[in-house]
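Quick notes on the structure that follows.
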Amino acid sequence: MSMGTQESIEQLVARMAARHRGQRGMLLPLLHDLQEELGRIDDATVAAVAETLNLSRAEVHGVVTFYHDFRREPAGRHIVKYCRAESCQARGGAAIEAALAERLNVAMGATRGDGQVTLEPVYCLGLCAIGPNALVDGEPVARIDGAAAIERIAARVAA
């Protein structure tokens, strides 16, 4: 987080909102900017965004909780997004997901206690012909078909 210690969340939101003034539908771009800056969109940020954009807190909260890329809590140092779409599931995805969660020692949808890895579900990475698939820190890992592939992922997040 690069927000200065002297800048309040309200000031940060106002500064970032100014970048999007006049832009139709500025809520999503503003939330993405804040997510990038803060690593999450917590209740204080929701309140500041609602106040700045003259929206209700419920409207902002609804958007934050609807889109899976917005976080209420900070993510781990490494993020593993595992595909749960039909094509990956048809290739044994559920069993591989369970083995991956066990190997990484983190439940799906959670961040490991040491803060090193977050395991998240996604519902299609567009690599359906070569699944099951994951994104590890934004880089695709395809054909996760057994212990060797799971170890490749584990090695990447151990670094």
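Just remember, in the structure tokens the first chain shown is A, the second B, etc., residues are 1-based per chain, and ligands are 1-based in the order shown.
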Report as a PDB file with C-alpha atoms, in the first residue's frame all protein, DNA and RNA residues lying within 9 Å of segment 70-86 of chain A, evaluated on only C-alpha atoms, omitting residues in the same chain fewer than 6 positions from it.
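The resulting file, selection_2.pdb, is shown below:
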ATOM      1  CA  LEU A  31     -12.940   0.398  -6.979  1.00  0.00           C
ATOM      2  CA  HIS A  32     -10.249  -1.241  -9.110  1.00  0.00           C
ATOM      3  CA  GLN A  35      -8.136  -2.347  -4.715  1.00  0.00           C
ATOM      4  CA  LEU A  38      -5.045  -0.727  -0.691  1.00  0.00           C
ATOM      5  CA  GLY A  39      -5.136  -4.450  -1.443  1.00  0.00           C
ATOM      6  CA  ARG A  40      -8.772  -4.643  -0.341  1.00  0.00           C
ATOM      7  CA  ILE A  41     -12.053  -2.772  -0.155  1.00  0.00           C
ATOM      8  CA  ASP A  42     -13.038  -2.696   3.515  1.00  0.00           C
ATOM      9  CA  ASP A  43     -16.022  -1.056   5.235  1.00  0.00           C
ATOM     10  CA  VAL A  63     -20.819  -4.153  -6.274  1.00  0.00           C
ATOM     11  CA  VAL A  64     -17.842  -5.096  -4.091  1.00  0.00           C
ATOM     12  CA  GLY A  93     -11.035 -30.863 -11.322  1.00  0.00           C
ATOM     13  CA  ALA A  94     -12.716 -31.508  -7.966  1.00  0.00           C
ATOM     14  CA  GLU A  97      -8.676 -29.019  -6.250  1.00  0.00           C
ATOM     15  CA  MET A 108     -10.489 -22.877  -1.202  1.00  0.00           C
ATOM     16  CA  ALA A 110      -9.091 -18.587   2.003  1.00  0.00           C
ATOM     17  CA  THR A 111      -5.648 -17.224   2.753  1.00  0.00           C
ATOM     18  CA  ARG A 112      -3.208 -19.435   4.610  1.00  0.00           C
ATOM     19  CA  ASP A 114       1.082 -17.272   7.361  1.00  0.00           C
ATOM     20  CA  GLY A 115      -0.210 -14.926   4.636  1.00  0.00           C
ATOM     21  CA  GLN A 116       1.868 -16.593   1.935  1.00  0.00           C
ATOM     22  CA  VAL A 117      -0.863 -17.983  -0.335  1.00  0.00           C
ATOM     23  CA  THR A 118      -4.498 -17.357  -1.185  1.00  0.00           C
ATOM     24  CA  LEU A 119      -6.454 -20.063  -3.037  1.00  0.00           C
ATOM     25  CA  GLU A 120      -9.434 -18.714  -4.974  1.00  0.00           C
ATOM     26  CA  PRO A 121     -12.033 -20.245  -7.263  1.00  0.00           C
ATOM     27  CA  VAL A 122     -12.520 -18.847 -10.764  1.00  0.00           C
ATOM     28  CA  TYR A 123     -15.073 -19.963 -13.304  1.00  0.00           C
ATOM     29  CA  CYS A 124     -13.194 -20.110 -16.586  1.00  0.00           C
ATOM     30  CA  LEU A 125      -9.740 -19.070 -17.609  1.00  0.00           C
ATOM     31  CA  CYS A 128     -10.787 -25.200 -21.622  1.00  0.00           C
ATOM     32  CA  GLY A 131      -7.591 -28.063 -18.329  1.00  0.00           C
ATOM     33  CA  PRO A 132      -7.723 -28.301 -15.433  1.00  0.00           C
ATOM     34  CA  ASN A 133      -6.063 -24.918 -15.145  1.00  0.00           C
ATOM     35  CA  ALA A 134      -4.967 -22.321 -12.640  1.00  0.00           C
ATOM     36  CA  LEU A 135      -3.421 -18.880 -12.545  1.00  0.00           C
ATOM     37  CA  VAL A 136      -0.477 -18.583 -10.196  1.00  0.00           C
ATOM     38  CA  ASP A 137       0.306 -14.940  -9.538  1.00  0.00           C
ATOM     39  CA  GLY A 138      -1.344 -14.110 -12.866  1.00  0.00           C
ATOM     40  CA  ILE A 153       2.342 -24.849  -8.304  1.00  0.00           C
ATOM     41  CA  ARG A 156       6.025 -21.374  -7.415  1.00  0.00           C
ATOM     42  CA  VAL A 157       4.298 -20.175  -4.260  1.00  0.00           C
ATOM     43  CA  ALA A 158       7.164 -21.312  -2.040  1.00  0.00           C
TER      44      ALA A 158
END
Margin query: Among segment 69-157 of chain A, which ones does DSSP assign to alpha helix (DSSP H) (computed from the backbone)? Answer as a ChimeraX atom specification.
Written below: /A:86-90,93-104,147-157
For segment 27-29 of chain A, list every protein, DNA or RNA residue within 8 Å, evaluated using only C-alpha atoms, and leave out those in the same chain fewer than 4 positions away; present the list as a short mmCIF file (atom, residue, chain, number, x, y, z; two decimals) with N, CA and C atoms, in the first residue's frame.
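Result file part32.cif:
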data_model
loop_
_atom_site.label_atom_id
_atom_site.label_comp_id
_atom_site.auth_asym_id
_atom_site.auth_seq_id
_atom_site.Cartn_x
_atom_site.Cartn_y
_atom_site.Cartn_z
N HIS A 20 -11.46 9.93 -12.47
CA HIS A 20 -12.56 9.36 -13.26
C HIS A 20 -13.74 10.32 -13.41
N ASP A 33 -9.02 0.84 -8.85
CA ASP A 33 -7.88 1.66 -8.41
C ASP A 33 -7.63 1.50 -6.91
N LEU A 53 -19.26 9.45 -4.15
CA LEU A 53 -20.04 9.30 -5.39
C LEU A 53 -21.54 9.54 -5.18
N VAL A 60 -22.65 0.37 -3.08
CA VAL A 60 -21.21 0.12 -3.22
C VAL A 60 -20.88 -1.27 -2.69
#
Notebook entry, point to check: So how many Å separate atom CA of Ser8 of chain A and atom CA of Glu51 of chain A, to one decimal?
Noted result: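 Computing it gives 13.9 Å between the two atoms.
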Next item on the list: List every residue of segment 17-154 of chain A that DSSP, applied to the backbone, labels as strand (DSSP E), and write the result as a PyMOL selection string.
Entry: chain A and resi 78-83+110-111+117-122+134-136+139-141
Selected residues written out, N, CA and C atoms, as an mmCIF file, in the first residue's frame:
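Wrote it out as again-v9.cif, contents follow:
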data_model
loop_
_atom_site.group_PDB
_atom_site.id
_atom_site.type_symbol
_atom_site.label_atom_id
_atom_site.label_comp_id
_atom_site.auth_asym_id
_atom_site.auth_seq_id
_atom_site.Cartn_x
_atom_site.Cartn_y
_atom_site.Cartn_z
ATOM 1 N N HIS A 78 1.119 -14.762 -2.515
ATOM 2 C CA HIS A 78 0.895 -15.441 -3.793
ATOM 3 C C HIS A 78 -0.592 -15.749 -3.906
ATOM 4 N N ILE A 79 -1.122 -15.609 -5.117
ATOM 5 C CA ILE A 79 -2.534 -15.892 -5.363
ATOM 6 C C ILE A 79 -2.636 -17.001 -6.397
ATOM 7 N N VAL A 80 -3.299 -18.091 -6.008
ATOM 8 C CA VAL A 80 -3.571 -19.200 -6.911
ATOM 9 C C VAL A 80 -5.069 -19.191 -7.184
ATOM 10 N N LYS A 81 -5.423 -18.976 -8.449
ATOM 11 C CA LYS A 81 -6.824 -19.013 -8.870
ATOM 12 C C LYS A 81 -7.022 -20.324 -9.620
ATOM 13 N N TYR A 82 -7.882 -21.175 -9.074
ATOM 14 C CA TYR A 82 -8.102 -22.502 -9.645
ATOM 15 C C TYR A 82 -9.458 -22.535 -10.347
ATOM 16 N N CYS A 83 -9.473 -23.035 -11.567
ATOM 17 C CA CYS A 83 -10.686 -23.044 -12.379
ATOM 18 C C CYS A 83 -11.659 -24.129 -11.923
ATOM 19 N N ALA A 110 -9.719 -19.093 0.777
ATOM 20 C CA ALA A 110 -9.091 -18.587 2.003
ATOM 21 C C ALA A 110 -7.634 -18.224 1.749
ATOM 22 N N THR A 111 -7.072 -17.543 2.736
ATOM 23 C CA THR A 111 -5.648 -17.224 2.753
ATOM 24 C C THR A 111 -5.015 -18.009 3.889
ATOM 25 N N VAL A 117 -0.118 -17.546 0.853
ATOM 26 C CA VAL A 117 -0.863 -17.983 -0.335
ATOM 27 C C VAL A 117 -2.368 -17.866 -0.099
ATOM 28 N N THR A 118 -3.044 -17.402 -1.138
ATOM 29 C CA THR A 118 -4.498 -17.357 -1.185
ATOM 30 C C THR A 118 -4.925 -18.286 -2.303
ATOM 31 N N LEU A 119 -5.906 -19.143 -2.037
ATOM 32 C CA LEU A 119 -6.454 -20.063 -3.037
ATOM 33 C C LEU A 119 -7.878 -19.627 -3.334
ATOM 34 N N GLU A 120 -8.130 -19.252 -4.588
ATOM 35 C CA GLU A 120 -9.434 -18.714 -4.974
ATOM 36 C C GLU A 120 -10.038 -19.505 -6.123
ATOM 37 N N PRO A 121 -11.371 -19.643 -6.110
ATOM 38 C CA PRO A 121 -12.033 -20.245 -7.263
ATOM 39 C C PRO A 121 -12.236 -19.216 -8.367
ATOM 40 N N VAL A 122 -12.115 -19.639 -9.603
ATOM 41 C CA VAL A 122 -12.520 -18.847 -10.764
ATOM 42 C C VAL A 122 -13.362 -19.761 -11.644
ATOM 43 N N ALA A 134 -5.040 -23.289 -13.730
ATOM 44 C CA ALA A 134 -4.967 -22.321 -12.640
ATOM 45 C C ALA A 134 -4.176 -21.112 -13.130
ATOM 46 N N LEU A 135 -4.301 -20.034 -12.389
ATOM 47 C CA LEU A 135 -3.421 -18.880 -12.545
ATOM 48 C C LEU A 135 -2.632 -18.789 -11.255
ATOM 49 N N VAL A 136 -1.332 -18.744 -11.360
ATOM 50 C CA VAL A 136 -0.477 -18.583 -10.196
ATOM 51 C C VAL A 136 0.203 -17.228 -10.331
ATOM 52 N N GLU A 139 -0.039 -15.936 -13.828
ATOM 53 C CA GLU A 139 0.508 -16.734 -14.926
ATOM 54 C C GLU A 139 -0.213 -18.066 -15.016
ATOM 55 N N PRO A 140 -0.658 -18.455 -16.221
ATOM 56 C CA PRO A 140 -1.404 -19.707 -16.364
ATOM 57 C C PRO A 140 -0.539 -20.943 -16.113
ATOM 58 N N VAL A 141 -1.154 -21.907 -15.468
ATOM 59 C CA VAL A 141 -0.581 -23.242 -15.315
ATOM 60 C C VAL A 141 -1.660 -24.189 -15.829
#
Check: Between atom CA of Thr45 of chain A and atom CA of Gln23 of chain A, what is the distance, to one decimal in Å?
Finding: 20.2 Å
Next item on the list: Might you pull out every residue within 9 Å of Val13 of chain A, with only C-alpha atoms counted and same-chain residues fewer than 6 positions away left off, and present them as a VMD selection string?
Entry: chain A and resid 30 34 45 48 to 49 52
Could the residues in this selection be saved with C-alpha atoms as a short mmCIF file (atom, residue, chain, number, x, y, z; two decimals), in the first residue's frame?
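Produced file selection-v2.cif, reproduced below:
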data_model
loop_
_atom_site.label_atom_id
_atom_site.label_comp_id
_atom_site.auth_asym_id
_atom_site.auth_seq_id
_atom_site.Cartn_x
_atom_site.Cartn_y
_atom_site.Cartn_z
CA LEU A 30 -12.55 3.65 -8.91
CA LEU A 34 -8.58 1.43 -4.69
CA THR A 45 -13.47 2.36 1.93
CA ALA A 48 -15.86 6.79 1.64
CA VAL A 49 -16.72 5.72 -1.91
CA THR A 52 -17.78 10.63 -2.61
#
